[in-house]
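Okay, coords-v7.txt now, which holds compact mmCIF, C-alpha atoms:
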```txt
# COMPACT_ATOMS: atom_id res chain seq x y z
CA MET A 13 -28.99 -47.80 4.72
CA ALA A 14 -28.41 -44.17 3.73
CA PHE A 15 -26.67 -43.68 0.40
CA LEU A 16 -25.01 -40.35 1.22
CA ALA A 17 -21.95 -40.17 3.45
CA ASP A 18 -22.39 -39.08 7.06
CA ALA A 19 -19.98 -36.19 6.40
CA VAL A 20 -22.54 -34.52 4.12
CA SER A 21 -25.08 -34.35 6.96
CA ARG A 22 -22.57 -32.46 9.11
CA ILE A 23 -22.44 -29.41 6.85
CA LYS A 24 -24.81 -26.80 5.42
CA PRO A 25 -24.92 -24.98 2.06
CA SER A 26 -22.99 -21.71 1.99
CA ALA A 27 -25.32 -18.89 3.08
CA THR A 28 -23.40 -16.31 1.05
CA ILE A 29 -23.72 -18.33 -2.15
CA ALA A 30 -27.39 -19.01 -1.39
CA VAL A 31 -28.33 -15.34 -1.08
CA THR A 32 -26.39 -14.47 -4.25
CA ASP A 33 -28.22 -17.20 -6.16
CA LYS A 34 -31.59 -16.01 -4.80
CA ALA A 35 -30.89 -12.40 -5.83
CA ARG A 36 -29.81 -13.58 -9.28
CA ALA A 37 -33.02 -15.58 -9.70
CA LEU A 38 -35.20 -12.62 -8.67
CA LYS A 39 -33.38 -10.35 -11.11
CA ALA A 40 -33.92 -12.89 -13.88
CA ALA A 41 -37.63 -12.84 -13.02
CA GLY A 42 -37.71 -9.07 -13.54
CA ARG A 43 -37.44 -7.83 -9.93
CA ASP A 44 -35.45 -4.69 -9.15
CA VAL A 45 -32.88 -6.27 -6.82
CA ILE A 46 -29.67 -4.84 -5.41
CA GLY A 47 -27.37 -7.71 -4.44
CA LEU A 48 -25.02 -6.99 -1.55
CA GLY A 49 -24.29 -10.62 -0.74
CA ALA A 50 -21.28 -11.54 -2.87
CA GLY A 51 -17.80 -10.85 -1.55
CA GLU A 52 -16.13 -9.86 -4.79
CA PRO A 53 -14.91 -6.49 -6.09
CA ASP A 54 -16.93 -4.82 -8.82
CA PHE A 55 -13.69 -3.64 -10.46
CA ASP A 56 -12.42 -5.60 -13.46
CA THR A 57 -9.12 -7.51 -13.41
CA PRO A 58 -6.32 -5.02 -14.30
CA ASP A 59 -5.27 -5.00 -17.97
CA ASN A 60 -1.65 -6.01 -17.36
CA ILE A 61 -2.86 -9.20 -15.65
CA LYS A 62 -5.24 -9.98 -18.52
CA ARG A 63 -2.41 -9.44 -21.03
CA ALA A 64 -0.17 -11.84 -19.12
CA ALA A 65 -2.92 -14.47 -19.31
CA MET A 66 -3.39 -13.94 -23.05
CA LYS A 67 0.36 -14.14 -23.62
CA ALA A 68 0.45 -17.45 -21.74
CA ILE A 69 -2.33 -18.80 -23.95
CA GLU A 70 -0.73 -17.60 -27.19
CA SER A 71 2.70 -18.99 -26.25
CA GLY A 72 1.30 -22.41 -25.34
CA LYS A 73 2.21 -22.11 -21.65
CA ALA A 74 -1.43 -22.54 -20.61
CA SER A 75 -2.10 -25.70 -22.64
CA LYS A 76 -0.64 -28.43 -20.43
CA TYR A 77 -0.81 -29.79 -16.92
CA THR A 78 1.48 -28.02 -14.47
CA ALA A 79 3.07 -29.21 -11.24
CA VAL A 80 0.27 -30.14 -8.83
CA ASP A 81 1.20 -27.47 -6.29
CA GLY A 82 1.94 -24.63 -8.73
CA ILE A 83 4.37 -23.57 -11.44
CA PRO A 84 7.88 -22.64 -10.23
CA GLU A 85 7.44 -19.09 -11.52
CA LEU A 86 4.36 -18.52 -9.37
CA LYS A 87 5.94 -20.11 -6.30
CA ALA A 88 8.89 -17.75 -6.76
CA ALA A 89 6.53 -14.77 -7.07
CA VAL A 90 4.72 -15.86 -3.90
CA ALA A 91 8.05 -16.16 -2.07
CA ARG A 92 9.00 -12.65 -3.19
CA LYS A 93 5.61 -11.33 -2.04
CA PHE A 94 5.96 -12.91 1.43
CA LYS A 95 9.47 -11.48 1.81
CA ARG A 96 8.62 -8.03 0.44
CA GLU A 97 5.33 -7.44 2.23
CA ASN A 98 5.39 -9.69 5.30
CA LYS A 99 9.11 -10.14 6.10
CA LEU A 100 8.59 -13.92 5.88
CA ASP A 101 11.11 -16.24 4.24
CA TYR A 102 9.61 -19.25 2.45
CA GLN A 103 11.40 -21.55 0.00
CA PRO A 104 9.52 -23.03 -2.99
CA ASN A 105 9.11 -26.36 -1.13
CA GLN A 106 7.29 -24.41 1.63
CA ILE A 107 4.70 -22.93 -0.76
CA ILE A 108 1.54 -24.40 -2.27
CA VAL A 109 -0.78 -22.93 -4.89
CA GLY A 110 -4.40 -24.07 -4.99
CA THR A 111 -7.69 -23.38 -6.70
CA GLY A 112 -8.57 -20.39 -4.54
CA GLY A 113 -7.91 -19.80 -0.88
CA LYS A 114 -10.78 -22.09 0.08
CA GLN A 115 -9.08 -25.13 -1.42
CA VAL A 116 -5.81 -24.33 0.35
CA LEU A 117 -7.68 -24.03 3.65
CA TYR A 118 -9.59 -27.24 2.93
CA ASN A 119 -6.38 -29.12 2.11
CA ALA A 120 -4.70 -27.90 5.30
CA LEU A 121 -7.54 -29.03 7.56
CA MET A 122 -8.14 -32.32 5.75
CA ALA A 123 -4.42 -33.10 5.98
CA THR A 124 -4.15 -32.42 9.72
CA VAL A 125 -7.47 -32.78 11.56
CA ASN A 126 -8.47 -36.07 13.18
CA PRO A 127 -11.70 -36.94 15.01
CA GLY A 128 -11.56 -35.30 18.42
CA ASP A 129 -9.26 -32.49 17.31
CA GLU A 130 -10.53 -28.99 18.10
CA VAL A 131 -10.16 -25.93 15.89
CA ILE A 132 -10.70 -22.51 17.50
CA ILE A 133 -12.62 -20.05 15.35
CA PRO A 134 -13.38 -16.49 16.49
CA ALA A 135 -17.01 -15.49 15.77
CA PRO A 136 -18.30 -13.89 13.64
CA TYR A 137 -16.44 -16.07 11.12
CA TRP A 138 -16.42 -16.83 7.43
CA VAL A 139 -19.22 -19.35 6.93
CA SER A 140 -16.95 -22.06 5.49
CA TYR A 141 -14.51 -22.38 8.42
CA PRO A 142 -16.61 -24.54 10.78
CA ASP A 143 -18.08 -26.64 7.98
CA ILE A 144 -14.65 -27.58 6.62
CA VAL A 145 -13.55 -28.52 10.16
CA LEU A 146 -16.66 -30.70 10.47
CA LEU A 147 -15.99 -32.32 7.10
CA ALA A 148 -12.49 -33.18 8.31
CA GLY A 149 -14.02 -34.85 11.38
CA GLY A 150 -12.90 -32.17 13.83
CA THR A 151 -14.78 -30.03 16.32
CA PRO A 152 -15.14 -26.28 15.73
CA VAL A 153 -14.75 -24.30 18.97
CA THR A 154 -16.24 -20.83 18.72
CA VAL A 155 -14.80 -17.86 20.61
CA GLU A 156 -17.33 -15.06 20.74
CA THR A 157 -16.19 -11.50 20.06
CA ARG A 158 -18.14 -8.34 20.90
CA MET A 159 -19.11 -5.31 18.88
CA GLN A 160 -17.77 -3.04 21.65
CA ASP A 161 -14.34 -4.72 21.20
CA GLY A 162 -14.46 -4.12 17.45
CA PHE A 163 -15.26 -7.82 16.91
CA LYS A 164 -11.69 -8.69 17.95
CA MET A 165 -10.88 -11.72 20.05
CA ARG A 166 -9.63 -10.94 23.53
CA PRO A 167 -6.45 -12.82 24.55
CA GLU A 168 -8.08 -14.09 27.75
CA ALA A 169 -11.00 -15.53 25.73
CA LEU A 170 -8.55 -17.40 23.51
CA GLU A 171 -6.69 -18.71 26.57
CA ARG A 172 -9.94 -20.09 28.00
CA ALA A 173 -10.78 -21.86 24.73
CA ILE A 174 -7.48 -23.75 24.40
CA THR A 175 -7.55 -27.39 25.55
CA PRO A 176 -5.20 -30.36 25.08
CA GLN A 177 -7.32 -31.24 22.01
CA THR A 178 -6.79 -27.87 20.30
CA LYS A 179 -4.93 -28.30 16.99
CA TRP A 180 -5.47 -25.01 15.16
CA ILE A 181 -6.73 -21.51 15.63
CA ILE A 182 -8.08 -19.98 12.41
CA PHE A 183 -7.23 -16.31 12.33
CA ASN A 184 -8.70 -13.92 9.75
CA SER A 185 -7.68 -10.24 9.71
CA PRO A 186 -9.12 -8.18 8.12
CA SER A 187 -12.18 -10.28 8.75
CA ASN A 188 -14.95 -11.62 6.62
CA PRO A 189 -17.71 -10.81 7.69
CA THR A 190 -16.95 -7.91 10.06
CA GLY A 191 -14.01 -6.13 8.42
CA ALA A 192 -12.27 -6.10 11.82
CA ALA A 193 -8.47 -5.91 11.58
CA TYR A 194 -5.96 -6.37 14.39
CA THR A 195 -3.24 -3.80 15.03
CA HIS A 196 0.31 -5.05 15.62
CA ALA A 197 -0.19 -4.70 19.38
CA GLU A 198 -3.56 -6.49 19.35
CA LEU A 199 -2.10 -9.31 17.28
CA LYS A 200 0.94 -9.59 19.56
CA ALA A 201 -1.38 -10.09 22.54
CA VAL A 202 -3.05 -12.99 20.70
CA THR A 203 0.19 -14.59 19.49
CA ASP A 204 1.63 -14.36 23.03
CA VAL A 205 -1.16 -16.70 24.12
CA VAL A 206 -0.55 -19.15 21.27
CA ALA A 207 3.20 -19.13 21.91
CA LYS A 208 2.58 -20.57 25.38
CA HIS A 209 0.85 -23.65 23.92
CA PRO A 210 3.28 -25.53 21.65
CA HIS A 211 0.62 -27.96 20.37
CA VAL A 212 -1.53 -25.17 18.87
CA TRP A 213 -0.98 -24.09 15.26
CA VAL A 214 -2.13 -20.88 13.56
CA LEU A 215 -3.91 -20.84 10.22
CA SER A 216 -3.75 -17.19 9.22
CA ASP A 217 -6.19 -16.24 6.46
CA ASP A 218 -4.75 -12.99 5.08
CA MET A 219 -6.98 -12.79 2.00
CA TYR A 220 -7.98 -9.16 2.70
CA GLU A 221 -4.46 -8.01 3.59
CA HIS A 222 -4.36 -5.10 1.14
CA LEU A 223 -7.90 -3.88 1.79
CA VAL A 224 -7.31 -1.63 4.81
CA TYR A 225 -8.23 2.02 5.44
CA ASP A 226 -7.42 5.09 7.55
CA ASP A 227 -3.64 4.44 7.56
CA PHE A 228 -4.11 1.01 9.15
CA VAL A 229 -0.91 -1.09 8.97
CA PHE A 230 -1.41 -4.81 8.31
CA SER A 231 0.51 -7.49 10.22
CA THR A 232 0.42 -11.28 10.06
CA PRO A 233 0.99 -13.68 13.01
CA ALA A 234 4.30 -15.27 11.94
CA GLU A 235 5.69 -11.79 11.27
CA VAL A 236 4.59 -10.44 14.66
CA GLU A 237 5.79 -13.51 16.60
CA PRO A 238 8.68 -15.30 14.81
CA LYS A 239 8.50 -18.11 17.40
CA LEU A 240 5.27 -19.20 15.66
CA TYR A 241 6.84 -19.44 12.18
CA GLU A 242 7.26 -23.23 12.39
CA ARG A 243 3.61 -23.77 13.35
CA THR A 244 1.88 -21.21 11.18
CA LEU A 245 0.29 -21.62 7.76
CA THR A 246 0.04 -18.18 6.15
CA LEU A 247 -2.72 -18.22 3.53
CA ASN A 248 -3.45 -15.59 0.89
CA GLY A 249 -4.56 -15.23 -2.72
CA VAL A 250 -5.16 -12.91 -5.63
CA SER A 251 -8.97 -12.90 -5.50
CA LYS A 252 -9.80 -9.74 -3.57
CA ALA A 253 -7.07 -7.11 -3.92
CA TYR A 254 -6.37 -8.01 -7.56
CA CYS A 255 -10.04 -8.36 -8.57
CA MET A 256 -9.52 -11.96 -9.67
CA THR A 257 -12.25 -13.91 -7.86
CA GLY A 258 -13.10 -15.90 -11.00
CA TRP A 259 -9.49 -16.86 -11.72
CA ARG A 260 -9.40 -19.10 -8.59
CA ILE A 261 -5.84 -18.83 -7.28
CA GLY A 262 -4.92 -19.06 -3.61
CA TYR A 263 -1.59 -19.87 -2.01
CA ALA A 264 0.06 -20.50 1.34
CA GLY A 265 3.44 -20.72 2.99
CA GLY A 266 4.26 -23.07 5.84
CA PRO A 267 6.45 -25.91 7.09
CA GLU A 268 7.64 -28.23 4.32
CA PHE A 269 6.09 -31.42 5.74
CA LEU A 270 2.65 -29.79 5.92
CA ILE A 271 2.89 -28.32 2.42
CA LYS A 272 3.95 -31.73 1.09
CA ALA A 273 0.92 -33.41 2.71
CA MET A 274 -1.41 -30.75 1.33
CA ALA A 275 0.06 -31.20 -2.16
CA MET A 276 -0.42 -34.98 -1.94
CA LEU A 277 -4.07 -34.42 -1.04
CA GLN A 278 -4.45 -31.97 -3.93
CA SER A 279 -2.86 -34.50 -6.30
CA GLN A 280 -5.72 -36.89 -5.55
CA SER A 281 -8.50 -34.29 -5.84
CA THR A 282 -8.21 -31.43 -8.33
CA SER A 283 -4.54 -31.75 -9.33
CA ASN A 284 -3.00 -28.47 -10.54
CA PRO A 285 -4.73 -25.08 -10.49
CA THR A 286 -5.64 -23.76 -13.94
CA ALA A 287 -2.45 -23.00 -15.86
CA VAL A 288 -3.58 -19.71 -17.40
CA SER A 289 -4.68 -18.39 -14.00
CA GLN A 290 -1.27 -19.21 -12.54
CA TRP A 291 0.51 -17.13 -15.16
CA ALA A 292 -1.94 -14.29 -14.55
CA ALA A 293 -1.19 -14.51 -10.81
CA VAL A 294 2.55 -14.19 -11.46
CA GLU A 295 1.90 -10.84 -13.10
CA ALA A 296 -0.51 -9.83 -10.32
CA LEU A 297 2.10 -10.36 -7.61
CA ASP A 298 5.12 -9.06 -9.54
CA GLY A 299 3.46 -6.32 -11.61
CA PRO A 300 2.33 -2.77 -10.75
CA GLN A 301 0.43 -2.43 -7.48
CA ASP A 302 -0.63 1.19 -7.96
CA PHE A 303 -4.30 0.38 -8.63
CA ILE A 304 -4.77 -1.03 -5.10
CA PRO A 305 -4.72 2.34 -3.26
CA LYS A 306 -7.00 3.78 -5.97
CA HIS A 307 -9.52 1.00 -5.38
CA ASN A 308 -9.15 1.35 -1.61
CA LYS A 309 -10.03 5.04 -1.79
CA ILE A 310 -13.35 4.09 -3.40
CA PHE A 311 -13.94 1.23 -0.97
CA LYS A 312 -13.31 3.58 1.97
CA GLU A 313 -15.88 6.06 0.61
CA ARG A 314 -18.41 3.24 0.30
CA ARG A 315 -17.63 2.00 3.82
CA ASP A 316 -18.14 5.46 5.28
CA LEU A 317 -21.38 5.87 3.31
CA CYS A 318 -22.70 2.51 4.58
CA VAL A 319 -21.78 3.17 8.20
CA SER A 320 -23.34 6.63 8.17
CA MET A 321 -26.59 5.65 6.44
CA LEU A 322 -27.13 2.41 8.35
CA ASN A 323 -26.65 4.12 11.70
CA GLN A 324 -29.53 6.41 10.70
CA ALA A 325 -31.85 3.41 10.19
CA ASN A 326 -34.25 2.61 13.05
CA GLY A 327 -33.04 -0.37 15.10
CA ILE A 328 -29.67 -0.73 13.34
CA LYS A 329 -26.20 -0.30 14.85
CA CYS A 330 -23.24 -0.42 12.48
CA PRO A 331 -19.61 -0.22 13.67
CA LYS A 332 -16.89 1.14 11.37
CA PRO A 333 -14.49 -1.65 10.30
CA GLU A 334 -10.77 -1.26 9.59
CA GLY A 335 -10.64 -3.34 6.42
CA ALA A 336 -12.09 -5.77 3.86
CA PHE A 337 -15.26 -4.62 2.06
CA TYR A 338 -17.96 -5.63 4.51
CA VAL A 339 -19.97 -4.08 7.30
CA TYR A 340 -21.69 -6.20 9.93
CA PRO A 341 -24.57 -4.24 11.47
CA SER A 342 -26.67 -5.47 14.36
CA CYS A 343 -30.41 -5.62 13.70
CA ALA A 344 -31.25 -6.51 17.32
CA GLY A 345 -33.25 -3.29 17.59
CA THR A 346 -35.72 -4.55 14.97
CA MET A 347 -36.47 -7.88 16.63
CA GLY A 348 -40.10 -8.24 17.69
CA LYS A 349 -41.28 -5.63 15.19
CA THR A 350 -43.71 -6.38 12.38
CA ALA A 351 -42.81 -6.15 8.68
CA PRO A 352 -45.19 -4.78 6.01
CA THR A 353 -46.26 -8.35 5.16
CA GLY A 354 -47.48 -8.82 8.74
CA LYS A 355 -44.54 -11.06 9.61
CA LYS A 356 -43.15 -10.53 13.11
CA LEU A 357 -39.35 -10.45 13.01
CA ALA A 358 -37.97 -13.12 15.31
CA SER A 359 -34.52 -13.66 13.76
CA ASP A 360 -32.01 -12.09 11.41
CA GLU A 361 -33.18 -14.56 8.77
CA ASP A 362 -36.66 -13.02 9.07
CA PHE A 363 -35.07 -9.57 8.72
CA VAL A 364 -33.17 -10.33 5.52
CA THR A 365 -36.07 -12.28 3.99
CA GLU A 366 -38.54 -9.46 4.59
CA LEU A 367 -36.01 -6.84 3.43
CA LEU A 368 -35.57 -8.70 0.15
CA GLU A 369 -39.32 -9.07 -0.29
CA ALA A 370 -40.21 -5.47 0.60
CA GLU A 371 -37.30 -3.51 -0.87
CA GLY A 372 -35.38 -5.82 -3.18
CA VAL A 373 -32.14 -5.62 -1.18
CA ALA A 374 -30.22 -8.89 -0.79
CA VAL A 375 -27.94 -9.13 2.26
CA VAL A 376 -26.76 -12.17 4.25
CA GLN A 377 -28.15 -12.95 7.70
CA GLY A 378 -25.61 -13.01 10.51
CA THR A 379 -26.46 -16.33 12.13
CA PRO A 380 -24.49 -18.49 9.61
CA PHE A 381 -21.45 -16.32 10.48
CA GLY A 382 -21.81 -17.37 14.09
CA GLN A 383 -23.33 -14.27 15.65
CA GLY A 384 -26.70 -12.58 15.35
CA PRO A 385 -29.11 -10.96 15.10
CA ALA A 386 -27.07 -9.15 12.46
CA PHE A 387 -26.45 -9.09 8.74
CA ARG A 388 -23.50 -8.71 6.39
CA ILE A 389 -23.33 -6.18 3.60
CA SER A 390 -20.66 -6.35 0.92
CA TYR A 391 -20.04 -2.83 -0.36
CA ALA A 392 -17.88 -4.13 -3.23
CA THR A 393 -20.41 -2.87 -5.74
CA ALA A 394 -21.20 0.44 -7.46
CA THR A 395 -21.39 3.37 -5.04
CA THR A 396 -24.77 4.41 -6.44
CA ALA A 397 -26.13 0.92 -5.75
CA VAL A 398 -24.72 0.95 -2.20
CA GLU A 399 -26.35 4.33 -1.52
CA GLU A 400 -29.70 3.23 -2.95
CA ALA A 401 -29.60 -0.04 -0.98
CA CYS A 402 -28.90 1.79 2.28
CA ALA A 403 -31.78 4.19 1.56
CA ARG A 404 -34.07 1.21 1.03
CA ILE A 405 -32.88 -0.36 4.31
CA GLN A 406 -33.68 2.93 6.08
CA ARG A 407 -37.15 2.91 4.53
CA PHE A 408 -37.72 -0.76 5.44
CA CYS A 409 -36.72 -0.16 9.06
CA GLY A 410 -38.87 2.99 9.17
CA ASN A 411 -41.90 0.96 8.04
CA LEU A 412 -41.55 -1.66 10.78
CA LYS A 413 -44.30 -1.46 13.39
```

Using structure tokens, write down the structure from this file.
Amino acid sequence: MAFLADAVSRIKPSATIAVTDKARALKAAGRDVIGLGAGEPDFDTPDNIKRAAMKAIESGKASKYTAVDGIPELKAAVARKFKRENKLDYQPNQIIVGTGGKQVLYNALMATVNPGDEVIIPAPYWVSYPDIVLLAGGTPVTVETRMQDGFKMRPEALERAITPQTKWIIFNSPSNPTGAAYTHAELKAVTDVVAKHPHVWVLSDDMYEHLVYDDFVFSTPAEVEPKLYERTLTLNGVSKAYCMTGWRIGYAGGPEFLIKAMAMLQSQSTSNPTAVSQWAAVEALDGPQDFIPKHNKIFKERRDLCVSMLNQANGIKCPKPEGAFYVYPSCAGTMGKTAPTGKKLASDEDFVTELLEAEGVAVVQGTPFGQGPAFRISYATATTAVEEACARIQRFCGNLK
């Protein structure tokens, strides 16, 4: 009899964490490695947020357990954020705070998905979506998107994927890994399809909401189609825009009965998110937001640098994304070629492995994101490092035979 639960055999380790760990190990061994795997900003947490955390510690506010689903002050700040930025009204009993967006997503799926339930996930997707569905006992249903459509799901493709067993569609705009973001009109076309199927819910992962470029205007499903408000969970967090990945605070707004079930699940797993991080998040949401456009200006420059340099590399095609801090180039043009080690490239995993070996550039292969041959680059690192990494990728591709 096997000791480990069957659920463990249904999932795989996170590819993004794996490549970051491998790059870290090579650096520790003395290799000159540029890591472009981790999806976290290189900017430090803003000083006003740090000061709020220190004040919470000094005043004793961070010393005790809090309510399982978040302190009232943070729930109120989240409600103000939803109203101010998304035109969505949520009461405190419709809001949950968790240990990062991933826990909130995990709680939602574990609280709702039964064996046989289907969850629609547009591909390419964040690597954790299908694995969490599998852990919950559900069936991930992938809807392929195309580079020529900007990696955006076509309404007719969504319509074809919906069955009587469909429970959720997971929607992520701007997207990890592609950076694709849906305009109001594109999102309305998608929500029109969902509105026709009253048994289908929307889990909208808005984690990259503020990271958009070229005058792009962000919209979220329940805002675009108010009819979906009662069957939408709108998820967000402070990790990306506020440079707080290590603080681990995510949150969501949704129907009270769902939030209550998610909180019950959280009460039997991690209990409350870290108290000091919650107080820091209050300041993040309520405090000055002026650093976000400053950061976005730098991110946009890095995006444009990546897109330009990668499109000059032999066998690489790189579309220009609307948001987030990723590009998702195709490496199909390198398949079948031979690397300097003599290895013939047969997959995107071969590509990223040989790239790391030959040039010390760590990127993530596309296959774990649901579509390859491709790879993901996070340009949330120093501009000089991004430029050097892209030059090395050009050289690597130029040396393929």

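Across A:Asp218, A:Glu198, A:Asp316, A:Asp44, the tightest approach to Asn184 (chain A) is made by A:Asp218 when counting all atoms listed in the file.
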
### Task
List every protein, DNA or RNA residue that has an atom no more than 10 Å from (-42.3, -4.4, 10.0) in the file's coordinate frame, counting all atoms listed in the file, and report them as a PyMOL selection string.
chain A and resi 346-357+363+366-367+370+408-413

### Query
Could you name the residues that touch Glu399 (chain A) at 10 Å or less, counting all atoms listed in the file, but leaving out those on the same chain fewer than 6 positions away, as a PyMOL selection string?
chain A and resi 314+317-318+321+391+405

### Task
Please work out which residues fall within 12 Å of (-6.1, -21.3, -7.5), coordinates as given in the file, with only C-alpha atoms counting, and return them as number ranges by chain.
A: 80-83, 86, 108-117, 247-251, 256-264, 278, 282-294

Show me a table, sorted first by chain and then by increasing residue number, of the residues of region 176-236 of chain A having an atom at most 8 Å from region 137-159 of chain A, each with its shortest atom pair and the distance in Å to one decimal, counting all atoms listed in the file and written as CSV.
```
residue,atom,partner,partner_atom,distance
A:Ile182,CA,A:Tyr141,CA,7.9
A:Ser187,CA,A:Tyr137,CA,7.6
A:Asn188,CA,A:Trp138,CA,5.5
A:Pro189,CA,A:Trp138,CA,6.2
```

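Nearest residue to Ala401 (chain A), choosing from A:Pro331, A:Gly378, A:Pro58, A:Gly47 and counting only C-alpha atoms: A:Gly47.
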
### Query
Which of these residues is nearest to Lys164 (chain A), using all atoms listed in the file: A:Trp180, A:Tyr194, A:Phe303, A:Tyr225?
A:Tyr194

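One finds CA of Gln160 (chain A) at 23.0 Å from CA of Gln406 (chain A).
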
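When only C-alpha atoms are used to compute distances to Arg43 (chain A), the closest of the residues A:Met66, A:Met219, A:Ala120, A:Val373 turns out to be A:Val373.
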
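Distance annotation: of A:Ala374, A:Thr393, A:Ser342, A:Glu295, the residue with the minimal separation from Lys62 (chain A) is A:Glu295; atom set is all atoms listed in the file.
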
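Atom to atom, CA of Glu313 (chain A) and CA of Thr396 (chain A) stand 11.5 Å apart.
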
As lines of an AutoDock Vina configuration file, please report the centre and edge lengths, rounded to one decimal in Å, of the axis-aligned box that holds all listed atoms of region 371-390 of chain A with 3 Å of padding on each of the six sides.
```
center_x = -29.0
center_y = -11.0
center_z = 6.2
size_x = 22.6
size_y = 21.0
size_z = 24.8
```

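You can rank A:Val229, A:Ile29, A:Leu223, A:Ala64 by their closest distance to Cys255 (chain A) using only C-alpha atoms, and at the top of that list sits A:Leu223.
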
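Taking CA of Gly51 (chain A) and CA of Gly266 (chain A) as endpoints, the distance between them is 26.3 Å.
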
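Taking all atoms listed in the file, the non-local environment of Glu97 (chain A) within 12 Å (same-chain residues fewer than 3 positions away omitted) comprises Ala89, Val90, Ala91, Arg92, Lys93, Phe94, Leu100, Asp101, Asp218, Glu221, His222, Val229, Phe230, Ser231, Thr232, Glu235, Leu297, Asp298 and Gln301 of chain A.
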
If we count all atoms listed in the file, what is near Ile46 (chain A) at a cut-off of 9 Å, once residues fewer than 2 positions away on the same chain are taken out, given as a compact mmCIF listing (two decimals) with C-alpha atoms, keeping the file's coordinate frame?
```
# COMPACT_ATOMS: atom_id res chain seq x y z
CA ALA A 35 -30.89 -12.40 -5.83
CA LYS A 39 -33.38 -10.35 -11.11
CA ASP A 44 -35.45 -4.69 -9.15
CA LEU A 48 -25.02 -6.99 -1.55
CA LEU A 368 -35.57 -8.70 0.15
CA GLU A 371 -37.30 -3.51 -0.87
CA GLY A 372 -35.38 -5.82 -3.18
CA VAL A 373 -32.14 -5.62 -1.18
CA ALA A 374 -30.22 -8.89 -0.79
CA VAL A 375 -27.94 -9.13 2.26
CA ALA A 397 -26.13 0.92 -5.75
CA VAL A 398 -24.72 0.95 -2.20
CA GLU A 400 -29.70 3.23 -2.95
CA ALA A 401 -29.60 -0.04 -0.98
```

#### Entry: Spatial neighbours of Gly327 (chain A), max dist 7 Å, all atoms listed in the file, sep filter under 4 positions, as a PyMOL selection string
chain A and resi 343-346
